[in-house]
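Source file: protein.txt. Holds: compact mmCIF, N, CA and C atoms.
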```txt
# COMPACT_ATOMS: atom_id res chain seq x y z
N MET A 1 -66.47 38.88 -37.38
CA MET A 1 -66.88 38.75 -38.76
C MET A 1 -66.46 37.41 -39.33
N GLY A 2 -65.17 37.06 -39.32
CA GLY A 2 -64.72 35.77 -39.80
C GLY A 2 -64.66 35.67 -41.30
N THR A 3 -65.58 34.92 -41.91
CA THR A 3 -65.58 34.67 -43.34
C THR A 3 -66.89 35.13 -43.95
N GLN A 4 -66.79 35.74 -45.13
CA GLN A 4 -67.99 36.12 -45.85
C GLN A 4 -67.65 36.33 -47.31
N ASP A 5 -68.65 36.44 -48.13
CA ASP A 5 -68.48 36.74 -49.53
C ASP A 5 -67.79 38.09 -49.68
N ALA A 6 -66.86 38.23 -50.61
CA ALA A 6 -66.16 39.50 -50.80
C ALA A 6 -67.12 40.63 -51.15
N SER A 7 -68.21 40.30 -51.79
CA SER A 7 -69.16 41.35 -52.20
C SER A 7 -69.82 42.01 -51.00
N GLY A 8 -69.77 41.39 -49.82
CA GLY A 8 -70.41 41.95 -48.64
C GLY A 8 -69.51 42.84 -47.81
N SER A 9 -68.31 43.14 -48.28
CA SER A 9 -67.36 43.92 -47.49
C SER A 9 -66.98 45.20 -48.24
N GLU A 10 -67.93 46.14 -48.32
CA GLU A 10 -67.70 47.36 -49.10
C GLU A 10 -66.57 48.22 -48.55
N ASP A 11 -66.30 48.13 -47.26
CA ASP A 11 -65.27 48.97 -46.66
C ASP A 11 -63.89 48.30 -46.67
N CYS A 12 -63.77 47.09 -47.16
CA CYS A 12 -62.50 46.38 -47.19
C CYS A 12 -61.78 46.69 -48.50
N PRO A 13 -60.56 47.29 -48.42
CA PRO A 13 -59.83 47.62 -49.65
C PRO A 13 -59.51 46.41 -50.51
N PHE A 14 -59.26 45.26 -49.89
CA PHE A 14 -58.95 44.08 -50.69
C PHE A 14 -60.19 43.49 -51.35
N CYS A 15 -61.35 43.64 -50.72
CA CYS A 15 -62.58 43.21 -51.37
C CYS A 15 -62.86 44.09 -52.58
N LEU A 16 -62.50 45.36 -52.50
CA LEU A 16 -62.65 46.25 -53.66
C LEU A 16 -61.76 45.76 -54.81
N ILE A 17 -60.55 45.32 -54.49
CA ILE A 17 -59.66 44.78 -55.52
C ILE A 17 -60.26 43.51 -56.12
N VAL A 18 -60.76 42.63 -55.26
CA VAL A 18 -61.38 41.39 -55.72
C VAL A 18 -62.53 41.69 -56.68
N ASN A 19 -63.29 42.73 -56.38
CA ASN A 19 -64.48 43.08 -57.18
C ASN A 19 -64.16 44.07 -58.30
N ASN A 20 -62.89 44.22 -58.65
CA ASN A 20 -62.46 45.11 -59.73
C ASN A 20 -62.90 46.55 -59.54
N GLN A 21 -62.92 47.00 -58.30
CA GLN A 21 -63.33 48.37 -58.00
C GLN A 21 -62.14 49.21 -57.54
N ALA A 22 -60.94 48.74 -57.81
CA ALA A 22 -59.73 49.46 -57.44
C ALA A 22 -58.74 49.35 -58.60
N ASP A 23 -57.90 50.34 -58.72
CA ASP A 23 -56.91 50.37 -59.80
C ASP A 23 -55.65 49.65 -59.34
N THR A 24 -55.71 48.33 -59.31
CA THR A 24 -54.59 47.50 -58.86
C THR A 24 -54.24 46.51 -59.95
N GLU A 25 -52.96 46.43 -60.29
CA GLU A 25 -52.53 45.47 -61.30
C GLU A 25 -52.53 44.07 -60.69
N ILE A 26 -53.34 43.20 -61.22
CA ILE A 26 -53.41 41.81 -60.77
C ILE A 26 -52.35 41.03 -61.53
N LEU A 27 -51.44 40.41 -60.80
CA LEU A 27 -50.35 39.66 -61.42
C LEU A 27 -50.76 38.24 -61.78
N LEU A 28 -51.64 37.67 -60.96
CA LEU A 28 -52.10 36.30 -61.17
C LEU A 28 -53.41 36.13 -60.43
N SER A 29 -54.34 35.40 -61.02
CA SER A 29 -55.61 35.15 -60.34
C SER A 29 -56.21 33.84 -60.83
N ASP A 30 -57.10 33.31 -60.01
CA ASP A 30 -57.88 32.14 -60.37
C ASP A 30 -59.25 32.29 -59.71
N ASP A 31 -60.02 31.22 -59.67
CA ASP A 31 -61.37 31.29 -59.09
C ASP A 31 -61.38 31.62 -57.60
N GLU A 32 -60.29 31.32 -56.92
CA GLU A 32 -60.25 31.43 -55.47
C GLU A 32 -59.33 32.52 -54.92
N LEU A 33 -58.26 32.84 -55.67
CA LEU A 33 -57.21 33.73 -55.16
C LEU A 33 -56.80 34.76 -56.21
N LEU A 34 -56.16 35.82 -55.71
CA LEU A 34 -55.47 36.73 -56.62
C LEU A 34 -54.23 37.29 -55.96
N CYS A 35 -53.30 37.74 -56.80
CA CYS A 35 -52.01 38.22 -56.32
C CYS A 35 -51.70 39.57 -56.96
N PHE A 36 -51.12 40.46 -56.15
CA PHE A 36 -50.71 41.78 -56.62
C PHE A 36 -49.53 42.25 -55.78
N ARG A 37 -48.90 43.34 -56.21
CA ARG A 37 -47.75 43.89 -55.49
C ARG A 37 -48.21 44.63 -54.23
N ASP A 38 -47.39 44.56 -53.19
CA ASP A 38 -47.65 45.32 -51.98
C ASP A 38 -47.37 46.80 -52.27
N MET A 39 -48.26 47.68 -51.79
CA MET A 39 -48.09 49.12 -52.03
C MET A 39 -46.88 49.70 -51.29
N LYS A 40 -46.50 49.07 -50.19
CA LYS A 40 -45.35 49.52 -49.40
C LYS A 40 -44.39 48.35 -49.26
N PRO A 41 -43.63 48.07 -50.33
CA PRO A 41 -42.81 46.86 -50.33
C PRO A 41 -41.73 46.85 -49.26
N GLY A 42 -41.57 45.68 -48.67
CA GLY A 42 -40.54 45.46 -47.67
C GLY A 42 -39.33 44.75 -48.23
N ALA A 43 -39.38 44.43 -49.53
CA ALA A 43 -38.28 43.75 -50.22
C ALA A 43 -38.38 44.09 -51.70
N ILE A 44 -37.35 43.74 -52.45
CA ILE A 44 -37.36 44.00 -53.89
C ILE A 44 -38.61 43.38 -54.52
N HIS A 45 -38.91 42.17 -54.12
CA HIS A 45 -40.14 41.49 -54.55
C HIS A 45 -41.02 41.35 -53.31
N HIS A 46 -42.19 41.96 -53.33
CA HIS A 46 -43.12 41.87 -52.20
C HIS A 46 -44.52 41.79 -52.79
N TYR A 47 -45.09 40.59 -52.70
CA TYR A 47 -46.40 40.32 -53.28
C TYR A 47 -47.38 39.90 -52.19
N LEU A 48 -48.64 40.16 -52.46
CA LEU A 48 -49.71 39.75 -51.56
C LEU A 48 -50.62 38.78 -52.31
N VAL A 49 -50.98 37.69 -51.64
CA VAL A 49 -51.95 36.75 -52.18
C VAL A 49 -53.14 36.78 -51.25
N ILE A 50 -54.32 37.02 -51.83
CA ILE A 50 -55.54 37.11 -51.02
C ILE A 50 -56.60 36.16 -51.56
N PRO A 51 -57.45 35.67 -50.66
CA PRO A 51 -58.60 34.88 -51.13
C PRO A 51 -59.70 35.82 -51.63
N ARG A 52 -60.46 35.37 -52.59
CA ARG A 52 -61.60 36.16 -53.08
C ARG A 52 -62.68 36.25 -52.01
N THR A 53 -62.81 35.21 -51.22
CA THR A 53 -63.75 35.22 -50.10
C THR A 53 -63.12 35.98 -48.95
N HIS A 54 -63.87 36.87 -48.34
CA HIS A 54 -63.34 37.67 -47.23
C HIS A 54 -63.17 36.80 -45.99
N ILE A 55 -61.92 36.71 -45.53
CA ILE A 55 -61.56 36.11 -44.25
C ILE A 55 -60.81 37.20 -43.52
N ASP A 56 -61.20 37.52 -42.31
CA ASP A 56 -60.64 38.68 -41.61
C ASP A 56 -59.12 38.64 -41.47
N ASN A 57 -58.56 37.54 -40.97
CA ASN A 57 -57.13 37.48 -40.70
C ASN A 57 -56.73 36.04 -40.41
N CYS A 58 -55.46 35.82 -40.13
CA CYS A 58 -54.97 34.45 -39.92
C CYS A 58 -55.54 33.80 -38.66
N LYS A 59 -55.98 34.60 -37.70
CA LYS A 59 -56.59 34.03 -36.48
C LYS A 59 -57.94 33.38 -36.78
N CYS A 60 -58.55 33.73 -37.90
CA CYS A 60 -59.85 33.15 -38.29
C CYS A 60 -59.68 31.82 -39.03
N LEU A 61 -58.44 31.45 -39.35
CA LEU A 61 -58.22 30.21 -40.07
C LEU A 61 -58.49 29.01 -39.18
N GLN A 62 -59.09 27.99 -39.77
CA GLN A 62 -59.40 26.72 -39.10
C GLN A 62 -58.71 25.60 -39.87
N GLY A 63 -58.75 24.42 -39.32
CA GLY A 63 -58.12 23.26 -39.96
C GLY A 63 -58.56 23.03 -41.39
N ASP A 64 -59.83 23.31 -41.70
CA ASP A 64 -60.30 23.09 -43.06
C ASP A 64 -59.80 24.15 -44.05
N HIS A 65 -59.06 25.14 -43.57
CA HIS A 65 -58.45 26.15 -44.44
C HIS A 65 -57.05 25.75 -44.91
N ILE A 66 -56.54 24.61 -44.46
CA ILE A 66 -55.19 24.18 -44.84
C ILE A 66 -55.03 24.17 -46.36
N PRO A 67 -55.96 23.57 -47.14
CA PRO A 67 -55.79 23.59 -48.60
C PRO A 67 -55.75 25.01 -49.18
N LEU A 68 -56.53 25.93 -48.60
CA LEU A 68 -56.51 27.32 -49.05
C LEU A 68 -55.13 27.93 -48.83
N VAL A 69 -54.57 27.76 -47.65
CA VAL A 69 -53.25 28.31 -47.35
C VAL A 69 -52.20 27.68 -48.27
N GLU A 70 -52.29 26.40 -48.52
CA GLU A 70 -51.35 25.73 -49.43
C GLU A 70 -51.46 26.29 -50.84
N ARG A 71 -52.67 26.58 -51.31
CA ARG A 71 -52.85 27.19 -52.64
C ARG A 71 -52.31 28.62 -52.66
N MET A 72 -52.43 29.34 -51.55
CA MET A 72 -51.87 30.69 -51.46
C MET A 72 -50.35 30.63 -51.61
N ILE A 73 -49.73 29.66 -50.98
CA ILE A 73 -48.28 29.47 -51.09
C ILE A 73 -47.90 29.16 -52.53
N GLU A 74 -48.67 28.27 -53.16
CA GLU A 74 -48.39 27.90 -54.55
C GLU A 74 -48.48 29.12 -55.47
N MET A 75 -49.49 29.96 -55.28
CA MET A 75 -49.63 31.14 -56.12
C MET A 75 -48.48 32.11 -55.87
N ALA A 76 -48.12 32.32 -54.61
CA ALA A 76 -47.00 33.22 -54.29
C ALA A 76 -45.71 32.70 -54.93
N THR A 77 -45.46 31.42 -54.84
CA THR A 77 -44.26 30.82 -55.43
C THR A 77 -44.26 31.00 -56.94
N SER A 78 -45.41 30.80 -57.55
CA SER A 78 -45.53 30.97 -58.99
C SER A 78 -45.22 32.40 -59.43
N VAL A 79 -45.73 33.38 -58.69
CA VAL A 79 -45.46 34.79 -59.02
C VAL A 79 -43.99 35.11 -58.81
N LEU A 80 -43.39 34.59 -57.76
CA LEU A 80 -41.96 34.80 -57.53
C LEU A 80 -41.14 34.23 -58.69
N GLU A 81 -41.49 33.02 -59.13
CA GLU A 81 -40.78 32.39 -60.24
C GLU A 81 -40.97 33.20 -61.52
N LYS A 82 -42.19 33.66 -61.79
CA LYS A 82 -42.46 34.45 -63.00
C LYS A 82 -41.70 35.77 -62.99
N ASN A 83 -41.39 36.27 -61.79
CA ASN A 83 -40.64 37.52 -61.67
C ASN A 83 -39.15 37.27 -61.46
N LYS A 84 -38.70 36.09 -61.85
CA LYS A 84 -37.28 35.74 -61.91
C LYS A 84 -36.57 35.74 -60.56
N VAL A 85 -37.29 35.40 -59.50
CA VAL A 85 -36.63 35.21 -58.20
C VAL A 85 -35.95 33.85 -58.28
N GLY A 86 -34.62 33.89 -58.30
CA GLY A 86 -33.87 32.66 -58.53
C GLY A 86 -33.70 31.79 -57.29
N ASP A 87 -33.59 32.41 -56.14
CA ASP A 87 -33.33 31.66 -54.91
C ASP A 87 -34.59 31.59 -54.06
N LEU A 88 -35.38 30.56 -54.26
CA LEU A 88 -36.64 30.42 -53.51
C LEU A 88 -36.41 30.01 -52.06
N SER A 89 -35.15 29.75 -51.69
CA SER A 89 -34.87 29.49 -50.27
C SER A 89 -34.66 30.81 -49.51
N ASP A 90 -34.57 31.92 -50.24
CA ASP A 90 -34.39 33.24 -49.63
C ASP A 90 -35.69 34.05 -49.73
N VAL A 91 -36.77 33.39 -49.35
CA VAL A 91 -38.11 33.99 -49.42
C VAL A 91 -38.72 33.94 -48.03
N ARG A 92 -39.44 34.97 -47.67
CA ARG A 92 -40.16 34.99 -46.39
C ARG A 92 -41.64 35.09 -46.71
N MET A 93 -42.42 34.12 -46.25
CA MET A 93 -43.86 34.11 -46.47
C MET A 93 -44.57 34.01 -45.14
N GLY A 94 -45.62 34.81 -44.98
CA GLY A 94 -46.38 34.74 -43.75
C GLY A 94 -47.48 35.78 -43.68
N PHE A 95 -48.05 35.88 -42.49
CA PHE A 95 -49.21 36.74 -42.23
C PHE A 95 -48.92 37.63 -41.03
N HIS A 96 -49.52 38.82 -41.01
CA HIS A 96 -49.48 39.64 -39.81
C HIS A 96 -50.51 39.12 -38.83
N ILE A 97 -50.15 39.15 -37.56
CA ILE A 97 -51.03 38.68 -36.50
C ILE A 97 -51.83 39.88 -35.97
N PRO A 98 -53.14 39.73 -35.86
CA PRO A 98 -53.94 40.83 -35.32
C PRO A 98 -53.47 41.17 -33.90
N PRO A 99 -53.45 42.42 -33.53
CA PRO A 99 -54.06 43.58 -34.20
C PRO A 99 -53.12 44.29 -35.16
N PHE A 100 -52.07 43.62 -35.62
CA PHE A 100 -51.05 44.27 -36.45
C PHE A 100 -51.30 44.10 -37.94
N SER A 101 -52.51 43.76 -38.33
CA SER A 101 -52.87 43.64 -39.74
C SER A 101 -53.32 45.01 -40.24
N SER A 102 -52.67 45.49 -41.29
CA SER A 102 -53.02 46.81 -41.81
C SER A 102 -54.35 46.80 -42.56
N VAL A 103 -54.70 45.66 -43.14
CA VAL A 103 -55.96 45.51 -43.87
C VAL A 103 -56.68 44.29 -43.28
N PRO A 104 -57.93 44.45 -42.88
CA PRO A 104 -58.66 43.34 -42.26
C PRO A 104 -59.21 42.34 -43.28
N HIS A 105 -58.32 41.78 -44.08
CA HIS A 105 -58.66 40.75 -45.07
C HIS A 105 -57.41 39.89 -45.15
N LEU A 106 -57.57 38.60 -44.97
CA LEU A 106 -56.43 37.68 -44.98
C LEU A 106 -55.55 37.95 -46.19
N HIS A 107 -54.25 38.12 -45.97
CA HIS A 107 -53.31 38.30 -47.07
C HIS A 107 -51.96 37.70 -46.70
N LEU A 108 -51.47 36.88 -47.61
CA LEU A 108 -50.17 36.25 -47.47
C LEU A 108 -49.12 37.17 -48.07
N HIS A 109 -48.10 37.50 -47.28
CA HIS A 109 -46.97 38.28 -47.77
C HIS A 109 -45.93 37.31 -48.31
N ALA A 110 -45.40 37.61 -49.49
CA ALA A 110 -44.28 36.86 -50.06
C ALA A 110 -43.19 37.87 -50.38
N LEU A 111 -42.07 37.79 -49.66
CA LEU A 111 -40.98 38.75 -49.80
C LEU A 111 -39.69 38.06 -50.22
N ALA A 112 -39.00 38.68 -51.20
CA ALA A 112 -37.73 38.13 -51.66
C ALA A 112 -36.87 39.25 -52.24
N PRO A 113 -35.57 39.17 -52.12
CA PRO A 113 -34.85 38.25 -51.24
C PRO A 113 -34.97 38.68 -49.78
N ALA A 114 -35.27 37.75 -48.93
CA ALA A 114 -35.43 38.04 -47.50
C ALA A 114 -34.13 38.54 -46.89
N SER A 115 -33.02 38.06 -47.39
CA SER A 115 -31.71 38.45 -46.84
C SER A 115 -31.37 39.91 -47.13
N LYS A 116 -32.09 40.53 -48.03
CA LYS A 116 -31.81 41.93 -48.41
C LYS A 116 -32.84 42.90 -47.84
N MET A 117 -33.74 42.43 -46.98
CA MET A 117 -34.73 43.33 -46.40
C MET A 117 -34.02 44.33 -45.49
N ASN A 118 -34.46 45.59 -45.54
CA ASN A 118 -33.85 46.61 -44.69
C ASN A 118 -34.32 46.45 -43.24
N PHE A 119 -33.78 47.30 -42.36
CA PHE A 119 -34.07 47.19 -40.93
C PHE A 119 -35.56 47.30 -40.64
N LYS A 120 -36.23 48.26 -41.26
CA LYS A 120 -37.66 48.45 -41.03
C LYS A 120 -38.46 47.22 -41.48
N ALA A 121 -38.11 46.68 -42.64
CA ALA A 121 -38.79 45.48 -43.13
C ALA A 121 -38.53 44.29 -42.20
N GLN A 122 -37.31 44.21 -41.66
CA GLN A 122 -37.01 43.13 -40.71
C GLN A 122 -37.90 43.23 -39.47
N LEU A 123 -38.17 44.46 -39.03
CA LEU A 123 -39.06 44.64 -37.88
C LEU A 123 -40.48 44.15 -38.17
N HIS A 124 -40.93 44.37 -39.40
CA HIS A 124 -42.30 44.01 -39.78
C HIS A 124 -42.45 42.55 -40.20
N TYR A 125 -41.42 42.01 -40.86
CA TYR A 125 -41.56 40.68 -41.48
C TYR A 125 -40.47 39.69 -41.08
N GLY A 126 -39.46 40.14 -40.34
CA GLY A 126 -38.31 39.29 -40.04
C GLY A 126 -38.56 38.28 -38.94
N PRO A 127 -37.59 37.41 -38.72
CA PRO A 127 -37.71 36.35 -37.72
C PRO A 127 -37.94 36.84 -36.30
N GLN A 128 -37.48 38.05 -35.97
CA GLN A 128 -37.67 38.59 -34.62
C GLN A 128 -38.99 39.34 -34.45
N SER A 129 -39.75 39.49 -35.51
CA SER A 129 -41.01 40.23 -35.44
C SER A 129 -42.02 39.49 -34.57
N HIS A 130 -42.66 40.23 -33.68
CA HIS A 130 -43.68 39.63 -32.82
C HIS A 130 -45.05 39.68 -33.47
N TRP A 131 -45.16 40.35 -34.61
CA TRP A 131 -46.46 40.49 -35.24
C TRP A 131 -46.53 39.87 -36.63
N PHE A 132 -45.57 38.99 -36.94
CA PHE A 132 -45.57 38.29 -38.22
C PHE A 132 -45.36 36.81 -37.95
N ILE A 133 -46.23 35.99 -38.53
CA ILE A 133 -46.14 34.55 -38.35
C ILE A 133 -45.90 33.91 -39.71
N THR A 134 -44.89 33.06 -39.78
CA THR A 134 -44.55 32.43 -41.06
C THR A 134 -45.65 31.45 -41.46
N VAL A 135 -45.71 31.23 -42.75
CA VAL A 135 -46.72 30.32 -43.28
C VAL A 135 -46.49 28.90 -42.76
N ASP A 136 -45.24 28.52 -42.56
CA ASP A 136 -44.94 27.18 -42.02
C ASP A 136 -45.54 27.02 -40.62
N LYS A 137 -45.40 28.07 -39.80
CA LYS A 137 -45.93 28.01 -38.44
C LYS A 137 -47.46 27.99 -38.45
N VAL A 138 -48.06 28.75 -39.36
CA VAL A 138 -49.53 28.74 -39.49
C VAL A 138 -50.01 27.35 -39.84
N LEU A 139 -49.39 26.73 -40.83
CA LEU A 139 -49.81 25.38 -41.24
C LEU A 139 -49.59 24.39 -40.11
N SER A 140 -48.49 24.50 -39.40
CA SER A 140 -48.22 23.61 -38.27
C SER A 140 -49.31 23.74 -37.20
N GLN A 141 -49.68 24.99 -36.87
CA GLN A 141 -50.71 25.20 -35.86
C GLN A 141 -52.07 24.69 -36.35
N LEU A 142 -52.38 24.88 -37.61
CA LEU A 142 -53.65 24.38 -38.13
C LEU A 142 -53.70 22.86 -38.09
N ARG A 143 -52.58 22.22 -38.40
CA ARG A 143 -52.55 20.76 -38.39
C ARG A 143 -52.59 20.20 -36.97
N THR A 144 -51.98 20.91 -36.04
CA THR A 144 -51.90 20.45 -34.65
C THR A 144 -53.14 20.78 -33.84
N ARG A 145 -53.55 22.04 -33.89
CA ARG A 145 -54.64 22.52 -33.04
C ARG A 145 -55.93 22.77 -33.78
N GLY A 146 -55.85 22.86 -35.10
CA GLY A 146 -57.06 23.16 -35.88
C GLY A 146 -57.33 24.63 -36.01
N LYS A 147 -56.49 25.50 -35.38
CA LYS A 147 -56.63 26.95 -35.53
C LYS A 147 -55.32 27.64 -35.22
N VAL A 148 -55.19 28.89 -35.65
CA VAL A 148 -53.98 29.66 -35.42
C VAL A 148 -54.11 30.36 -34.07
N ARG A 149 -53.05 30.28 -33.28
CA ARG A 149 -53.05 30.94 -31.96
C ARG A 149 -52.38 32.27 -32.01
```
Once you've parsed the file, please lay out its structure as structure tokens.
Amino acid sequence: MGTQDASGSEDCPFCLIVNNQADTEILLSDDELLCFRDMKPGAIHHYLVIPRTHIDNCKCLQGDHIPLVERMIEMATSVLEKNKVGDLSDVRMGFHIPPFSSVPHLHLHALAPASKMNFKAQLHYGPQSHWFITVDKVLSQLRTRGKVR
């Protein structure tokens, strides 16, 4: 599938949110992105930033998506700041690697404080997780190879 208009993905829960067809509190949005709380938080602060355009997952990202990923980071940081997260160095941001994506729509996880994540959250989002890739690594791969491996 790759990339498509959000309106064309009726079975995608995040496309429903984008199209205002779900009862989800939007914390921040613009023409390209929106942010809301994760339904199953892995930290005190756990937010998701999604593009309005449907992109299946981080493996579909190409080099020309670098500005999109950077804007996703900016929105996540802004929401963290608005929610009084004081230590932005204790934040974990990244994506689940397929087939470990619970929703087939690109979504950036922003978790804080990362140092207070419980054992289960560490398995899903921590440094030892085999199915979570940090946003820094995604950007590095996009800049080096032009795609996420």
Legend entry - Spatial neighbours of Arg149 (chain A), max dist 8 Å, only N, CA and C atoms, sep filter under 4 positions, as number ranges by chain: A: 58-60, 97, 137-138, 141-142, 145
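Across the structure, atom N of Gln62 (chain A) and atom C of Val148 (chain A) are spaced 7.9 Å apart.
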Legend entry - Among the residues A:His130, A:His124, A:Arg92, A:Arg71, the one that comes closest to Cys35 (chain A) [using only C-alpha atoms]: A:Arg71
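Across the model, the gap from atom N of Pro99 (chain A) to CA of Cys15 (chain A) is 20.1 Å.
Rounded to one decimal, CA of Glu25 (chain A) and CA of Gly42 (chain A) lie 18.2 Å from each other.
With distances taken over all atoms listed in the file, A:Gly146 is the one residue among A:Gly146, A:His46, A:Ala121, A:Asp90 lying closest to His65 (chain A).
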Inset, instruction - Mind checking which residues fall within 8 Å of Tyr125 (chain A), counting all atoms listed in the file, ignoring those fewer than 5 positions away in the same chain, and posting them as a PyMOL selection string? - result: chain A and resi 42+92-95+119-120+130-133
Legend entry - Residue list (helix (DSSP H, G or I), DSSP) for chain A, as a PyMOL selection string: chain A and resi 6-8+13-18+58-60+63-82+114-116+119-125+135-145
Inset, instruction - Step by step: start from the point (-44.7, 39.6, -50.7) in the file's coordinates, keep every protein, DNA or RNA residue that has an atom no farther than 5 Å from it, count all atoms listed in the file, and write the set as a PyMOL selection string. - result: chain A and resi 45-48+109-111
Reconstructed N, CA, C and O atoms for region 126-142 of chain A, given as an mmCIF file, in the frame of the given file:
```cif
data_model
loop_
_atom_site.group_PDB
_atom_site.id
_atom_site.type_symbol
_atom_site.label_atom_id
_atom_site.label_comp_id
_atom_site.auth_asym_id
_atom_site.auth_seq_id
_atom_site.Cartn_x
_atom_site.Cartn_y
_atom_site.Cartn_z
ATOM 1 N N GLY A 126 -39.460 40.140 -40.340
ATOM 2 C CA GLY A 126 -38.310 39.290 -40.040
ATOM 3 C C GLY A 126 -38.560 38.280 -38.940
ATOM 4 O O GLY A 126 -39.617 38.266 -38.294
ATOM 5 N N PRO A 127 -37.590 37.410 -38.720
ATOM 6 C CA PRO A 127 -37.710 36.350 -37.720
ATOM 7 C C PRO A 127 -37.940 36.840 -36.300
ATOM 8 O O PRO A 127 -38.541 36.137 -35.493
ATOM 9 N N GLN A 128 -37.480 38.050 -35.970
ATOM 10 C CA GLN A 128 -37.670 38.590 -34.620
ATOM 11 C C GLN A 128 -38.990 39.340 -34.450
ATOM 12 O O GLN A 128 -39.308 39.770 -33.356
ATOM 13 N N SER A 129 -39.750 39.490 -35.510
ATOM 14 C CA SER A 129 -41.010 40.230 -35.440
ATOM 15 C C SER A 129 -42.020 39.490 -34.570
ATOM 16 O O SER A 129 -42.218 38.288 -34.712
ATOM 17 N N HIS A 130 -42.660 40.230 -33.680
ATOM 18 C CA HIS A 130 -43.680 39.630 -32.820
ATOM 19 C C HIS A 130 -45.050 39.680 -33.470
ATOM 20 O O HIS A 130 -46.004 39.137 -32.931
ATOM 21 N N TRP A 131 -45.160 40.350 -34.610
ATOM 22 C CA TRP A 131 -46.460 40.490 -35.240
ATOM 23 C C TRP A 131 -46.530 39.870 -36.630
ATOM 24 O O TRP A 131 -47.418 40.149 -37.411
ATOM 25 N N PHE A 132 -45.570 38.990 -36.940
ATOM 26 C CA PHE A 132 -45.570 38.290 -38.220
ATOM 27 C C PHE A 132 -45.360 36.810 -37.950
ATOM 28 O O PHE A 132 -44.456 36.420 -37.226
ATOM 29 N N ILE A 133 -46.230 35.990 -38.530
ATOM 30 C CA ILE A 133 -46.140 34.550 -38.350
ATOM 31 C C ILE A 133 -45.900 33.910 -39.710
ATOM 32 O O ILE A 133 -46.588 34.226 -40.683
ATOM 33 N N THR A 134 -44.890 33.060 -39.780
ATOM 34 C CA THR A 134 -44.550 32.430 -41.060
ATOM 35 C C THR A 134 -45.650 31.450 -41.460
ATOM 36 O O THR A 134 -46.373 30.901 -40.631
ATOM 37 N N VAL A 135 -45.710 31.230 -42.750
ATOM 38 C CA VAL A 135 -46.720 30.320 -43.280
ATOM 39 C C VAL A 135 -46.490 28.900 -42.760
ATOM 40 O O VAL A 135 -47.452 28.157 -42.509
ATOM 41 N N ASP A 136 -45.240 28.520 -42.560
ATOM 42 C CA ASP A 136 -44.940 27.180 -42.020
ATOM 43 C C ASP A 136 -45.540 27.020 -40.620
ATOM 44 O O ASP A 136 -46.098 25.979 -40.280
ATOM 45 N N LYS A 137 -45.400 28.070 -39.800
ATOM 46 C CA LYS A 137 -45.930 28.010 -38.440
ATOM 47 C C LYS A 137 -47.460 27.990 -38.450
ATOM 48 O O LYS A 137 -48.086 27.285 -37.665
ATOM 49 N N VAL A 138 -48.060 28.750 -39.360
ATOM 50 C CA VAL A 138 -49.530 28.740 -39.490
ATOM 51 C C VAL A 138 -50.010 27.350 -39.840
ATOM 52 O O VAL A 138 -50.929 26.809 -39.208
ATOM 53 N N LEU A 139 -49.390 26.730 -40.830
ATOM 54 C CA LEU A 139 -49.810 25.380 -41.240
ATOM 55 C C LEU A 139 -49.590 24.390 -40.110
ATOM 56 O O LEU A 139 -50.445 23.517 -39.880
ATOM 57 N N SER A 140 -48.490 24.500 -39.400
ATOM 58 C CA SER A 140 -48.220 23.610 -38.270
ATOM 59 C C SER A 140 -49.310 23.740 -37.200
ATOM 60 O O SER A 140 -49.815 22.742 -36.681
ATOM 61 N N GLN A 141 -49.680 24.990 -36.870
ATOM 62 C CA GLN A 141 -50.710 25.200 -35.860
ATOM 63 C C GLN A 141 -52.070 24.690 -36.350
ATOM 64 O O GLN A 141 -52.822 24.104 -35.561
ATOM 65 N N LEU A 142 -52.380 24.880 -37.610
ATOM 66 C CA LEU A 142 -53.650 24.380 -38.130
ATOM 67 C C LEU A 142 -53.700 22.860 -38.090
ATOM 68 O O LEU A 142 -54.739 22.277 -37.775
#
```
